[in-house]
$ cat run-v3.cif   # mmCIF, C-alpha atoms and all ligand atoms
data_start
loop_
_atom_site.label_atom_id
_atom_site.label_comp_id
_atom_site.auth_asym_id
_atom_site.auth_seq_id
_atom_site.Cartn_x
_atom_site.Cartn_y
_atom_site.Cartn_z
CA MET E 30 -46.01 -134.51 83.85
CA LYS E 31 -45.55 -135.01 80.12
CA GLU E 32 -48.24 -136.98 78.27
CA CYS E 33 -46.88 -140.20 76.80
CA VAL E 34 -48.06 -141.67 73.49
CA LEU E 35 -47.57 -145.25 72.31
CA VAL E 36 -46.72 -145.26 68.59
CA THR E 37 -47.15 -148.67 66.96
CA GLY E 38 -45.29 -148.98 63.68
CA GLY E 39 -43.16 -146.10 64.91
CA ALA E 40 -40.07 -147.22 62.96
CA GLY E 41 -41.91 -146.86 59.65
CA TYR E 42 -42.20 -143.97 57.24
CA ILE E 43 -45.08 -142.02 58.77
CA GLY E 44 -44.39 -143.37 62.27
CA THR E 45 -40.87 -141.91 62.46
CA HIS E 46 -41.96 -138.50 61.19
CA THR E 47 -44.88 -138.47 63.64
CA THR E 48 -42.62 -139.46 66.54
CA VAL E 49 -40.36 -136.48 65.76
CA GLU E 50 -43.32 -134.08 65.71
CA LEU E 51 -44.78 -135.53 68.93
CA ILE E 52 -41.48 -134.95 70.70
CA ASN E 53 -41.21 -131.43 69.22
CA ALA E 54 -44.68 -130.78 70.65
CA GLY E 55 -43.60 -131.88 74.13
CA TYR E 56 -44.88 -135.47 74.29
CA ASP E 57 -43.00 -138.51 75.47
CA VAL E 58 -43.17 -141.39 72.98
CA VAL E 59 -42.80 -145.17 73.24
CA VAL E 60 -42.28 -146.92 69.91
CA VAL E 61 -43.37 -150.47 69.18
CA ASP E 62 -42.40 -152.02 65.85
CA ASN E 63 -41.58 -155.53 64.67
CA LEU E 64 -39.24 -154.11 61.96
CA SER E 65 -40.96 -156.22 59.29
CA ASN E 66 -40.75 -153.35 56.79
CA SER E 67 -38.36 -150.98 58.52
CA ASP E 68 -34.92 -150.82 60.03
CA ILE E 69 -33.77 -149.96 63.53
CA SER E 70 -31.57 -147.22 62.01
CA ALA E 71 -34.81 -145.24 61.55
CA ILE E 72 -35.06 -144.93 65.34
CA SER E 73 -31.47 -143.66 65.47
CA GLY E 74 -32.47 -141.01 62.93
CA VAL E 75 -35.35 -139.90 65.15
CA GLU E 76 -33.01 -139.78 68.14
CA LYS E 77 -30.48 -137.66 66.23
CA ILE E 78 -33.17 -135.20 65.11
CA THR E 79 -34.81 -134.83 68.52
CA GLY E 80 -31.81 -135.33 70.79
CA CYS E 81 -34.00 -137.72 72.82
CA LYS E 82 -33.57 -141.39 73.59
CA ILE E 83 -36.67 -143.14 72.26
CA PRO E 84 -37.91 -146.12 74.27
CA PHE E 85 -38.20 -148.83 71.60
CA GLU E 86 -39.78 -152.27 71.95
CA GLN E 87 -39.41 -154.77 69.11
CA VAL E 88 -42.81 -156.37 69.44
CA ASN E 89 -45.34 -157.71 66.95
CA CYS E 90 -48.74 -156.19 67.74
CA LEU E 91 -50.31 -159.62 67.14
CA ASP E 92 -48.43 -160.91 70.19
CA LYS E 93 -50.88 -159.92 72.90
CA ALA E 94 -48.78 -161.08 75.85
CA ALA E 95 -45.70 -159.17 74.65
CA LEU E 96 -47.70 -156.06 73.86
CA ASP E 97 -49.44 -156.23 77.23
CA LYS E 98 -46.02 -156.03 78.86
CA VAL E 99 -45.42 -152.77 76.98
CA PHE E 100 -48.80 -151.44 78.17
CA LYS E 101 -47.83 -152.30 81.75
CA LYS E 102 -44.20 -151.12 81.56
CA TYR E 103 -45.00 -147.57 80.40
CA LYS E 104 -47.69 -145.15 81.54
CA PHE E 105 -49.61 -143.78 78.56
CA ASN E 106 -53.20 -142.88 77.84
CA SER E 107 -52.99 -142.56 74.06
CA VAL E 108 -52.03 -144.71 71.11
CA ILE E 109 -51.30 -143.85 67.49
CA HIS E 110 -51.72 -147.08 65.56
CA PHE E 111 -49.69 -147.29 62.36
CA ALA E 112 -48.51 -150.90 62.49
CA ALA E 113 -49.88 -152.54 59.32
CA TYR E 114 -48.95 -153.89 55.93
CA LYS E 115 -49.61 -151.50 53.05
CA ALA E 116 -48.71 -153.02 49.69
CA VAL E 117 -51.86 -153.05 47.60
CA GLY E 118 -50.67 -155.65 45.06
CA GLU E 119 -49.34 -158.04 47.67
CA SER E 120 -52.67 -157.84 49.50
CA VAL E 121 -54.41 -159.16 46.39
CA SER E 122 -52.12 -162.20 46.16
CA GLU E 123 -51.94 -162.79 49.94
CA PRO E 124 -55.23 -161.55 51.38
CA LEU E 125 -55.11 -163.61 54.58
CA LYS E 126 -51.72 -162.14 55.46
CA TYR E 127 -53.30 -158.68 55.29
CA TYR E 128 -56.55 -159.48 57.11
CA HIS E 129 -54.70 -161.39 59.82
CA ASN E 130 -52.01 -158.78 60.42
CA ASN E 131 -53.85 -155.50 59.90
CA LEU E 132 -57.08 -156.45 61.67
CA GLY E 133 -55.52 -158.75 64.28
CA SER E 134 -53.06 -156.05 65.35
CA LEU E 135 -55.77 -153.44 65.59
CA MET E 136 -58.06 -155.68 67.64
CA THR E 137 -55.21 -156.62 69.97
CA VAL E 138 -54.42 -152.96 70.54
CA LEU E 139 -58.08 -152.16 71.22
CA GLU E 140 -58.43 -155.10 73.62
CA LEU E 141 -55.33 -154.04 75.53
CA MET E 142 -56.53 -150.45 75.64
CA GLN E 143 -59.74 -151.63 77.30
CA GLU E 144 -57.96 -154.01 79.67
CA ASN E 145 -55.43 -151.37 80.70
CA GLY E 146 -57.73 -148.35 80.81
CA VAL E 147 -56.09 -146.53 77.88
CA LYS E 148 -58.51 -144.07 76.31
CA ASN E 149 -57.39 -142.42 73.08
CA ILE E 150 -56.52 -143.90 69.70
CA VAL E 151 -55.62 -142.27 66.41
CA PHE E 152 -55.88 -144.68 63.49
CA SER E 153 -53.87 -144.59 60.30
CA SER E 154 -56.53 -144.83 57.59
CA SER E 155 -56.44 -144.06 53.90
CA ALA E 156 -58.17 -142.29 51.05
CA THR E 157 -58.47 -145.76 49.58
CA VAL E 158 -61.74 -146.06 51.56
CA TYR E 159 -63.36 -143.76 48.95
CA GLY E 160 -62.43 -145.93 45.95
CA GLN E 161 -63.01 -143.80 42.82
CA PRO E 162 -65.37 -141.08 44.15
CA GLU E 163 -68.11 -139.90 41.80
CA GLU E 164 -67.56 -136.30 42.89
CA LEU E 165 -64.28 -134.56 43.65
CA PRO E 166 -62.82 -133.39 45.92
CA ALA E 167 -63.66 -136.24 48.27
CA THR E 168 -65.26 -135.00 51.49
CA GLU E 169 -65.77 -137.05 54.63
CA ASN E 170 -69.42 -137.36 53.54
CA THR E 171 -68.44 -138.88 50.20
CA PRO E 172 -69.77 -142.44 50.40
CA ARG E 173 -67.15 -145.13 50.88
CA GLN E 174 -67.11 -147.62 48.04
CA LYS E 175 -66.38 -151.29 47.98
CA ALA E 176 -62.63 -151.55 48.53
CA ASN E 177 -60.66 -152.54 45.45
CA SER E 178 -58.07 -154.54 47.37
CA PRO E 179 -57.86 -156.57 50.58
CA TYR E 180 -55.49 -153.84 51.86
CA GLY E 181 -58.17 -151.21 51.28
CA ASN E 182 -60.73 -153.47 52.88
CA THR E 183 -58.60 -153.71 56.03
CA LYS E 184 -58.73 -149.90 56.29
CA GLN E 185 -62.53 -149.87 55.87
CA ILE E 186 -63.10 -152.73 58.30
CA GLY E 187 -60.50 -151.24 60.66
CA GLU E 188 -62.46 -147.97 60.77
CA ASP E 189 -65.66 -149.93 61.45
CA ILE E 190 -64.07 -152.00 64.23
CA ILE E 191 -62.86 -148.82 65.92
CA ALA E 192 -66.19 -147.03 65.51
CA ASP E 193 -68.12 -149.99 66.95
CA THR E 194 -65.69 -150.32 69.86
CA ALA E 195 -65.76 -146.59 70.69
CA ARG E 196 -69.57 -146.60 70.67
CA ALA E 197 -69.83 -149.80 72.72
CA THR E 198 -67.46 -148.56 75.41
CA GLU E 199 -69.50 -145.33 75.70
CA GLY E 200 -66.54 -143.01 75.75
CA LYS E 201 -64.05 -145.22 77.60
CA ILE E 202 -62.36 -145.35 74.22
CA THR E 203 -62.34 -142.29 71.97
CA ALA E 204 -61.00 -142.62 68.46
CA LEU E 205 -60.07 -140.57 65.46
CA ALA E 206 -59.16 -141.90 62.02
CA LEU E 207 -57.02 -139.90 59.62
CA ARG E 208 -57.63 -140.72 55.98
CA TYR E 209 -54.30 -139.98 54.32
CA PHE E 210 -54.09 -139.06 50.69
CA ASN E 211 -50.58 -139.58 49.24
CA PRO E 212 -47.83 -138.87 51.79
CA VAL E 213 -44.49 -137.96 50.19
CA GLY E 214 -41.15 -136.45 51.05
CA ALA E 215 -38.97 -136.65 54.10
CA HIS E 216 -37.82 -134.74 57.14
CA PRO E 217 -35.63 -131.78 56.03
CA SER E 218 -32.68 -133.27 57.96
CA ALA E 219 -32.81 -136.31 55.63
CA LEU E 220 -32.03 -138.44 58.70
CA ILE E 221 -35.35 -140.19 58.20
CA GLY E 222 -37.40 -140.76 55.05
CA GLU E 223 -39.19 -143.40 53.06
CA LEU E 224 -37.11 -146.55 52.69
CA PRO E 225 -39.32 -149.60 52.18
CA LYS E 226 -37.62 -152.98 52.04
CA GLY E 227 -37.24 -154.33 48.49
CA VAL E 228 -38.67 -152.77 45.34
CA PRO E 229 -40.89 -149.79 46.22
CA ASN E 230 -44.58 -150.04 45.33
CA ASN E 231 -45.26 -146.35 45.78
CA LEU E 232 -44.41 -143.64 43.31
CA VAL E 233 -42.07 -141.32 45.19
CA PRO E 234 -39.61 -143.85 46.62
CA PHE E 235 -39.44 -145.33 43.12
CA ILE E 236 -38.68 -141.86 41.72
CA THR E 237 -35.95 -141.16 44.28
CA GLN E 238 -34.34 -144.57 43.79
CA THR E 239 -34.42 -144.13 40.00
CA ALA E 240 -32.89 -140.66 40.28
CA ALA E 241 -30.18 -142.12 42.50
CA GLY E 242 -29.44 -144.89 39.99
CA VAL E 243 -30.66 -147.71 42.24
CA ARG E 244 -33.45 -148.47 39.70
CA ASP E 245 -32.98 -148.22 35.93
CA CYS E 246 -36.31 -146.83 34.87
CA LEU E 247 -39.60 -145.74 36.40
CA ASN E 248 -42.73 -147.22 34.88
CA VAL E 249 -45.54 -144.69 34.63
CA PHE E 250 -48.71 -146.70 34.93
CA GLY E 251 -51.01 -145.30 32.26
CA ASP E 252 -51.23 -142.09 30.21
CA ASP E 253 -54.72 -142.71 28.85
CA TYR E 254 -56.75 -141.59 31.84
CA ASN E 255 -59.40 -138.89 31.51
CA THR E 256 -57.09 -136.25 33.03
CA PRO E 257 -55.30 -133.21 31.52
CA ASP E 258 -52.07 -135.09 30.69
CA GLY E 259 -53.50 -138.60 30.72
CA SER E 260 -51.65 -139.74 33.86
CA ALA E 261 -53.46 -140.32 37.16
CA LEU E 262 -54.18 -137.47 39.58
CA ARG E 263 -53.33 -137.67 43.26
CA ASP E 264 -53.17 -135.38 46.28
CA PHE E 265 -49.55 -135.50 47.46
CA ILE E 266 -49.08 -134.27 51.02
CA ASP E 267 -45.76 -133.60 52.69
CA VAL E 268 -45.11 -136.25 55.31
CA VAL E 269 -44.10 -133.65 57.91
CA ASP E 270 -47.45 -131.88 57.50
CA LEU E 271 -49.16 -135.27 57.83
CA ALA E 272 -47.11 -136.01 60.95
CA LYS E 273 -48.22 -132.70 62.47
CA ALA E 274 -51.84 -133.64 61.78
CA HIS E 275 -51.34 -136.62 64.11
CA VAL E 276 -50.09 -134.32 66.86
CA VAL E 277 -53.21 -132.18 66.50
CA ALA E 278 -55.43 -135.27 66.41
CA ILE E 279 -54.03 -136.81 69.56
CA GLY E 280 -54.13 -133.41 71.29
CA ARG E 281 -57.79 -133.10 70.34
CA LEU E 282 -58.62 -136.42 72.00
CA ILE E 283 -56.51 -135.72 75.09
CA ALA E 284 -58.19 -132.32 75.52
CA GLY E 285 -61.62 -133.91 75.02
CA LYS E 286 -62.35 -131.56 72.12
CA ASN E 287 -63.69 -134.38 69.96
CA LYS E 288 -67.33 -134.00 68.96
CA SER E 289 -68.13 -137.71 69.08
CA VAL E 290 -66.44 -140.87 70.35
CA TYR E 291 -65.35 -141.66 66.79
CA GLU E 292 -64.33 -139.03 64.24
CA TYR E 293 -62.60 -139.20 60.87
CA PHE E 294 -60.80 -136.57 58.81
CA ASN E 295 -59.22 -136.33 55.39
CA ILE E 296 -55.58 -135.29 55.46
CA GLY E 297 -54.44 -133.96 52.11
CA THR E 298 -53.63 -130.65 50.43
CA GLY E 299 -56.81 -130.30 48.39
CA LYS E 300 -54.69 -129.84 45.26
CA PRO E 301 -54.50 -132.52 42.57
CA LEU E 302 -51.21 -133.16 40.81
CA SER E 303 -50.62 -135.69 38.04
CA VAL E 304 -48.02 -138.44 38.14
CA LEU E 305 -46.19 -136.87 35.16
CA GLU E 306 -46.32 -133.39 36.74
CA LEU E 307 -44.82 -134.78 39.94
CA ILE E 308 -41.97 -136.45 38.02
CA HIS E 309 -41.22 -133.24 36.10
CA ILE E 310 -41.30 -131.08 39.26
CA PHE E 311 -38.96 -133.54 40.98
CA GLU E 312 -36.55 -133.32 38.02
CA GLN E 313 -36.64 -129.51 37.96
CA VAL E 314 -36.29 -128.95 41.70
CA ASN E 315 -33.45 -131.42 42.09
CA GLY E 316 -31.75 -130.79 38.75
CA VAL E 317 -31.73 -134.52 37.95
CA LYS E 318 -33.23 -136.79 35.33
CA VAL E 319 -35.67 -139.54 36.25
CA PRO E 320 -35.63 -142.03 33.35
CA HIS E 321 -39.23 -143.14 32.85
CA LYS E 322 -41.47 -144.80 30.31
CA ILE E 323 -45.21 -145.13 29.91
CA VAL E 324 -46.61 -148.61 30.47
CA GLY E 325 -50.14 -149.95 30.90
CA ARG E 326 -52.41 -149.03 33.80
CA ARG E 327 -51.81 -150.74 37.13
CA PRO E 328 -54.78 -152.92 38.09
CA GLY E 329 -56.78 -151.47 40.98
CA ASP E 330 -55.58 -147.88 40.53
CA VAL E 331 -58.13 -145.09 40.64
CA GLU E 332 -58.02 -142.45 37.92
CA LYS E 333 -58.15 -139.38 40.13
CA ILE E 334 -58.63 -138.47 43.73
CA TRP E 335 -57.97 -135.45 45.88
CA ALA E 336 -59.21 -134.28 49.24
CA SER E 337 -61.57 -131.70 50.53
CA THR E 338 -59.60 -130.40 53.51
CA ASP E 339 -62.38 -128.18 54.92
CA LEU E 340 -63.32 -130.37 57.86
CA ALA E 341 -59.76 -130.81 59.09
CA LYS E 342 -59.06 -127.10 58.63
CA ASN E 343 -62.23 -125.98 60.41
CA GLU E 344 -61.87 -128.37 63.30
C1 LIG Q 1 -51.82 -146.64 47.33
C2 LIG Q 1 -53.16 -147.02 47.87
C3 LIG Q 1 -53.39 -146.27 49.16
C4 LIG Q 1 -52.29 -146.60 50.12
C5 LIG Q 1 -50.99 -146.18 49.52
C6 LIG Q 1 -49.84 -146.58 50.46
C7 LIG Q 1 -55.04 -147.53 46.39
C8 LIG Q 1 -55.96 -147.01 45.34
N1 LIG Q 1 -54.17 -146.65 46.87
O1 LIG Q 1 -51.95 -145.29 46.92
O2 LIG Q 1 -54.59 -146.65 49.71
O3 LIG Q 1 -52.52 -145.95 51.34
O4 LIG Q 1 -50.81 -146.83 48.27
O5 LIG Q 1 -49.26 -147.75 50.12
O6 LIG Q 1 -55.10 -148.65 46.77
N2 LIG Q 1 -47.23 -145.07 39.97
C9 LIG Q 1 -46.49 -145.17 38.82
N3 LIG Q 1 -45.32 -145.87 38.88
C10 LIG Q 1 -44.86 -146.48 40.02
C11 LIG Q 1 -45.64 -146.36 41.20
C12 LIG Q 1 -46.82 -145.65 41.14
O7 LIG Q 1 -46.86 -144.65 37.78
O8 LIG Q 1 -43.81 -147.11 40.01
C13 LIG Q 1 -48.49 -144.30 39.93
C14 LIG Q 1 -49.68 -145.14 40.32
O9 LIG Q 1 -50.19 -145.82 39.23
C15 LIG Q 1 -50.63 -144.07 40.88
C16 LIG Q 1 -49.68 -143.01 41.47
O10 LIG Q 1 -48.41 -143.27 40.88
O11 LIG Q 1 -51.36 -143.48 39.83
C17 LIG Q 1 -49.54 -143.13 42.98
O12 LIG Q 1 -49.22 -144.49 43.29
P1 LIG Q 1 -48.79 -144.94 44.77
O13 LIG Q 1 -47.68 -144.11 45.25
O14 LIG Q 1 -48.60 -146.42 44.74
O15 LIG Q 1 -50.04 -144.55 45.66
P2 LIG Q 1 -51.59 -144.91 45.45
O16 LIG Q 1 -51.80 -146.03 44.55
O17 LIG Q 1 -52.28 -143.63 45.13
#
$ encode --input "run-v3.cif" --output "structure tokens" --more "lines below"
Ligand code: UD1
Amino acid sequence: MKECVLVTGGAGYIGTHTTVELINAGYDVVVVDNLSNSDISAISGVEKITGCKIPFEQVNCLDKAALDKVFKKYKFNSVIHFAAYKAVGESVSEPLKYYHNNLGSLMTVLELMQENGVKNIVFSSSATVYGQPEELPATENTPRQKANSPYGNTKQIGEDIIADTARATEGKITALALRYFNPVGAHPSALIGELPKGVPNNLVPFITQTAAGVRDCLNVFGDDYNTPDGSALRDFIDVVDLAKAHVVAIGRLIAGKNKSVYEYFNIGTGKPLSVLELIHIFEQVNGVKVPHKIVGRRPGDVEKIWASTDLAKNE
């Protein structure tokens, strides 16, 4: 029988791409999403790419009774938990919204896993847990720093909640967190991609919308950083590669190949690229212009970060 995986937030950017790769790898998938920052058409895109009907439940992961029904309706032993808010700036102005949603959802999922005997969870974490590392590339041993936003704090606390739960249940729950660097791009079919509601906060959807004429001009936040061209350095990873990392991660837990009840891995390319380099590459590759201007630094941004990918590669 095929293994089934519950994907929370499965209508979102990384969730849709991961669902496609799970199905390509032979898994069944159930998607839960409340569509707060996504559209049901994303599920149609996944269905067109895979040729599979995707069981979809429009449920808020804070609604324990509704989510419990999903746990009881489908037979699965693994969860990939994406469902969360992710706008850094908004989290500063509305911290309770972020703590309530991101941590409440995670705790509800973990409670229901225990109550329903579901064992494996892969958690969507972020390089934001490192803050501005003193040494680069960031390895998994690089100390976490105080989060610079409530959003980042929910990723740190989320990791801690999962680690404590996995240890306390003595292996009844096994968990793996993936610390994403900067996911970009889209499935080659272009049937799914990154389409946040409203004005994008992240760089690449802003670039694509500017190139398409939806936005007038891209603001480049800062060219006075201590970097070769003065703009910030990031580790941009293709979203399909990131999606495949989830397939490997869930397979590792299912096969019991994990080395402890809670593990965490960086997922990046290991190669830094500057914001200005990325814009210029996008312009060259696509033969388009992306009107942009330099403005002041964005509060809370780190100057440079990229991943050491050794642990993920070796494991
Ligand atoms: C941020 C979060 C990260 C989170 C991710 C997803 C931090 C430090 N990082 O990543 O944890 O997982 O968002 O939401 O909290 N930029 C511009 N113009 C724009 C948009 C961005 O110049 O219109 C620049 C930013 O200043 C930054 C780079 O592009 O230097 C990347 O920004 P973004 O795509 O928002 O990702 P991060 O801030 O790296």
$ closest_atom_pairs --input "run-v3.cif" --of "chain E" --to "ligand LIG 1 (chain Q)" --cutoff "8 Å" --atoms "only C-alpha atoms and all ligand atoms" --output "CSV"
residue,atom,partner,partner_atom,distance
E:Lys115,CA,Q:LIG1,O5,4.8
E:Ala116,CA,Q:LIG1,O5,5.3
E:Val117,CA,Q:LIG1,O6,5.5
E:Ser154,CA,Q:LIG1,O3,7.5
E:Ser155,CA,Q:LIG1,O3,5.0
E:Ala156,CA,Q:LIG1,O2,5.8
E:Thr157,CA,Q:LIG1,O2,4.0
E:Val158,CA,Q:LIG1,O2,7.4
E:Gly160,CA,Q:LIG1,C8,6.6
E:Asn177,CA,Q:LIG1,O6,6.9
E:Ser178,CA,Q:LIG1,O6,6.6
E:Tyr180,CA,Q:LIG1,O6,7.3
E:Gly181,CA,Q:LIG1,O2,6.0
E:Tyr209,CA,Q:LIG1,O3,6.9
E:Phe210,CA,Q:LIG1,O3,7.1
E:Asn211,CA,Q:LIG1,O17,6.0
E:Pro229,CA,Q:LIG1,O8,7.4
E:Asn230,CA,Q:LIG1,O14,5.4
E:Asn231,CA,Q:LIG1,O13,3.3
E:Leu232,CA,Q:LIG1,C11,3.7
E:Val233,CA,Q:LIG1,O13,6.3
E:Phe235,CA,Q:LIG1,O8,5.7
E:Ile236,CA,Q:LIG1,O8,7.5
E:Leu247,CA,Q:LIG1,O8,5.7
E:Asn248,CA,Q:LIG1,N3,5.0
E:Val249,CA,Q:LIG1,O7,3.4
E:Phe250,CA,Q:LIG1,O7,4.0
E:Gly251,CA,Q:LIG1,O7,6.9
E:Ser260,CA,Q:LIG1,O11,7.1
E:Ala261,CA,Q:LIG1,O11,4.6
E:Leu262,CA,Q:LIG1,O11,6.6
E:Arg263,CA,Q:LIG1,O17,6.3
E:Val304,CA,Q:LIG1,O10,5.6
E:Arg326,CA,Q:LIG1,O9,6.7
E:Arg327,CA,Q:LIG1,O9,5.6
E:Gly329,CA,Q:LIG1,C8,6.3
E:Asp330,CA,Q:LIG1,C8,4.9
E:Val331,CA,Q:LIG1,C8,5.5
E:Glu332,CA,Q:LIG1,O11,7.0
E:Lys333,CA,Q:LIG1,O11,7.9
$ axis_aligned_box --input "run-v3.cif" --around "region 195-203 of chain E" --padding-each-side "4 Å" --output "lines of an AutoDock Vina configuration file"
center_x = -66.1
center_y = -146.0
center_z = 74.1
size_x = 15.5
size_y = 15.5
size_z = 14.9
$ closest_residue --input "run-v3.cif" --among "E:Ala219, E:Met142, E:Val151, E:Val324" --to "Ala272 (chain E)" --atoms "all atoms listed in the file"
E:Val151
$ closest_residue --input "run-v3.cif" --among "E:Glu292, E:Phe265, E:Leu96, E:Asn130" --to "Asp193 (chain E)" --atoms "only C-alpha atoms"
E:Glu292
$ residues_around --input "run-v3.cif" --residues "region 46-52 of chain E" --least-positions-apart "2" --cutoff "7 Å" --atoms "only C-alpha atoms" --output "JSON, numbers by chain"
{"E": [39, 42, 43, 44, 54, 55, 56, 57, 58, 75, 79, 216, 269, 272, 273, 275, 276]}
$ closest_atom_pairs --input "run-v3.cif" --of "region 94-147 of chain E" --to "region 200-203 of chain E" --cutoff "10 Å" --atoms "only C-alpha atoms" --output "tab-separated table"
residue	atom	partner	partner_atom	distance
E:Ser107	CA	E:Thr203	CA	9.6
E:Leu139	CA	E:Ile202	CA	8.6
E:Met142	CA	E:Ile202	CA	7.9
E:Gln143	CA	E:Ile202	CA	7.5
E:Gly146	CA	E:Lys201	CA	7.7
E:Val147	CA	E:Ile202	CA	7.4
$ closest_residue --input "run-v3.cif" --among "E:Gly325, E:Pro179, E:Gly297, E:Gly80" --to "Glu119 (chain E)" --atoms "only C-alpha atoms"
E:Pro179
$ atom_distance --input "run-v3.cif" --atom1 "CA of Ile150 (chain E)" --atom2 "CA of Ile279 (chain E)"
7.5 Å
$ closest_residue --input "run-v3.cif" --among "E:Lys98, E:Asn343, E:Ile334, E:Asp270" --to "Gln161 (chain E)" --atoms "all atoms listed in the file"
E:Ile334
$ closest_residue --input "run-v3.cif" --among "E:Asp267, E:Asp339, E:Glu199, E:Asp62" --to "Phe111 (chain E)" --atoms "only C-alpha atoms"
E:Asp62
$ residues_around --input "run-v3.cif" --residues "Leu135 (chain E)" --least-positions-apart "3" --cutoff "10 Å" --atoms "all atoms listed in the file" --output "CSV table (one decimal) with C-alpha atoms, keeping the file's coordinate frame"
chain,number,residue,atom,x,y,z
E,37,THR,CA,-47.2,-148.7,67.0
E,90,CYS,CA,-48.7,-156.2,67.7
E,91,LEU,CA,-50.3,-159.6,67.1
E,110,HIS,CA,-51.7,-147.1,65.6
E,111,PHE,CA,-49.7,-147.3,62.4
E,112,ALA,CA,-48.5,-150.9,62.5
E,113,ALA,CA,-49.9,-152.5,59.3
E,129,HIS,CA,-54.7,-161.4,59.8
E,130,ASN,CA,-52.0,-158.8,60.4
E,131,ASN,CA,-53.8,-155.5,59.9
E,132,LEU,CA,-57.1,-156.4,61.7
E,138,VAL,CA,-54.4,-153.0,70.5
E,139,LEU,CA,-58.1,-152.2,71.2
E,140,GLU,CA,-58.4,-155.1,73.6
E,141,LEU,CA,-55.3,-154.0,75.5
E,152,PHE,CA,-55.9,-144.7,63.5
E,183,THR,CA,-58.6,-153.7,56.0
E,187,GLY,CA,-60.5,-151.2,60.7
E,188,GLU,CA,-62.5,-148.0,60.8
E,190,ILE,CA,-64.1,-152.0,64.2
E,191,ILE,CA,-62.9,-148.8,65.9
$ closest_residue --input "run-v3.cif" --among "E:Asn255, E:Leu307, E:Ser70, E:Ala336" --to "Pro162 (chain E)" --atoms "only C-alpha atoms"
E:Ala336
